[in-house]
Amino acid sequence: MESNIKENTYKQAEKRVKRIRNFYNHLQIFVIIMAPILLFSNAIIGFFESYIINGNTLEWVKVNIWINALLWFTGIAIHGLFVFKDRVNFIDKWEKNKVSEFMNKKN
């Protein structure tokens with residue numbers, strides 16, 4: 001029975017570590033892909049400027065680059081909230097600790 005509990009706890013810990021690793025991989029891919037695109041977007045668009053007649057196309061590309069970055073970042077933020085959902089309640093713990101600290105100071 002006790003070995004079953006340890007095995008179950010180990011599997012839960014293993015799943016949690018895998019979720020955290022997947023989140024950091026997701027974040028790493030975002031930075032590797034989006035940082036160069038955002039940093040060099042003006043240079044990339046400037047290169048194609050002489051080949052594209054319609055100026056609105058270039059504005060559309062610029063806007064889409066930033067929208068994609070924003071949407072992807074939103075996805076990463078949601079992914080992070082699900083992965084670290086047990087750490088989100090640290091504010092509640094902090095408030096409880098502060099209340100008890102102030103209550104102990106008054107006594």
# chains A, B, ... in the order shown; residues from 1 in each chain; ligands from 1
>>> residues_around(residues="Ala69 (chain A)", least_positions_apart="4", cutoff="7 Å", atoms="only C-alpha atoms", output="JSON, numbers by chain")
{"A": [34, 65, 73]}
>>> atom_distance(atom1="CA of Gly55 (chain A)", atom2="CA of Thr74 (chain A)")
29.1 Å
>>> residues_around(residues="region 14-19 of chain A", least_positions_apart="3", cutoff="10 Å", atoms="only C-alpha atoms", output="list in words")
Asn8, Thr9, Tyr10, Lys11, Asn22, Phe23, Tyr24, Asn25, His79, Gly80, Phe82, Val83 and Phe84 of chain A
>>> write_last_selection(atoms="N, CA and C atoms", output="PDB file, in the first residue's frame")
ATOM      1  N   ASN A   8       2.575   6.548  -6.915  1.00  0.00           N
ATOM      2  CA  ASN A   8       1.607   7.537  -7.397  1.00  0.00           C
ATOM      3  C   ASN A   8       2.162   8.952  -7.230  1.00  0.00           C
ATOM      4  N   THR A   9       2.776   9.223  -6.077  1.00  0.00           N
ATOM      5  CA  THR A   9       3.378  10.531  -5.838  1.00  0.00           C
ATOM      6  C   THR A   9       4.508  10.796  -6.820  1.00  0.00           C
ATOM      7  N   TYR A  10       5.312   9.767  -7.084  1.00  0.00           N
ATOM      8  CA  TYR A  10       6.411   9.902  -8.040  1.00  0.00           C
ATOM      9  C   TYR A  10       5.882  10.207  -9.439  1.00  0.00           C
ATOM     10  N   LYS A  11       4.837   9.522  -9.853  1.00  0.00           N
ATOM     11  CA  LYS A  11       4.269   9.761 -11.186  1.00  0.00           C
ATOM     12  C   LYS A  11       3.696  11.167 -11.298  1.00  0.00           C
ATOM     13  N   ASN A  22       8.021  21.384 -20.630  1.00  0.00           N
ATOM     14  CA  ASN A  22       7.335  21.742 -21.873  1.00  0.00           C
ATOM     15  C   ASN A  22       7.047  23.238 -21.944  1.00  0.00           C
ATOM     16  N   PHE A  23       6.689  23.834 -20.808  1.00  0.00           N
ATOM     17  CA  PHE A  23       6.453  25.286 -20.799  1.00  0.00           C
ATOM     18  C   PHE A  23       7.734  26.042 -21.146  1.00  0.00           C
ATOM     19  N   TYR A  24       8.850  25.659 -20.511  1.00  0.00           N
ATOM     20  CA  TYR A  24      10.109  26.354 -20.795  1.00  0.00           C
ATOM     21  C   TYR A  24      10.565  26.120 -22.237  1.00  0.00           C
ATOM     22  N   ASN A  25      10.298  24.955 -22.790  1.00  0.00           N
ATOM     23  CA  ASN A  25      10.596  24.725 -24.207  1.00  0.00           C
ATOM     24  C   ASN A  25       9.756  25.650 -25.086  1.00  0.00           C
ATOM     25  N   HIS A  79      -0.444  29.185 -20.997  1.00  0.00           N
ATOM     26  CA  HIS A  79       0.280  27.940 -20.736  1.00  0.00           C
ATOM     27  C   HIS A  79       0.985  28.022 -19.373  1.00  0.00           C
ATOM     28  N   GLY A  80       1.622  29.150 -19.102  1.00  0.00           N
ATOM     29  CA  GLY A  80       2.308  29.338 -17.821  1.00  0.00           C
ATOM     30  C   GLY A  80       1.351  29.323 -16.643  1.00  0.00           C
ATOM     31  N   PHE A  82      -1.428  27.654 -16.427  1.00  0.00           N
ATOM     32  CA  PHE A  82      -1.821  26.265 -16.182  1.00  0.00           C
ATOM     33  C   PHE A  82      -0.691  25.462 -15.557  1.00  0.00           C
ATOM     34  N   VAL A  83       0.526  25.718 -15.985  1.00  0.00           N
ATOM     35  CA  VAL A  83       1.659  24.962 -15.451  1.00  0.00           C
ATOM     36  C   VAL A  83       1.949  25.358 -14.007  1.00  0.00           C
ATOM     37  N   PHE A  84       1.896  26.645 -13.724  1.00  0.00           N
ATOM     38  CA  PHE A  84       2.251  27.140 -12.394  1.00  0.00           C
ATOM     39  C   PHE A  84       1.024  27.540 -11.586  1.00  0.00           C
TER      40      PHE A  84
END
>>> atom_distance(atom1="CA of Val63 (chain A)", atom2="CA of Ser41 (chain A)")
10.6 Å
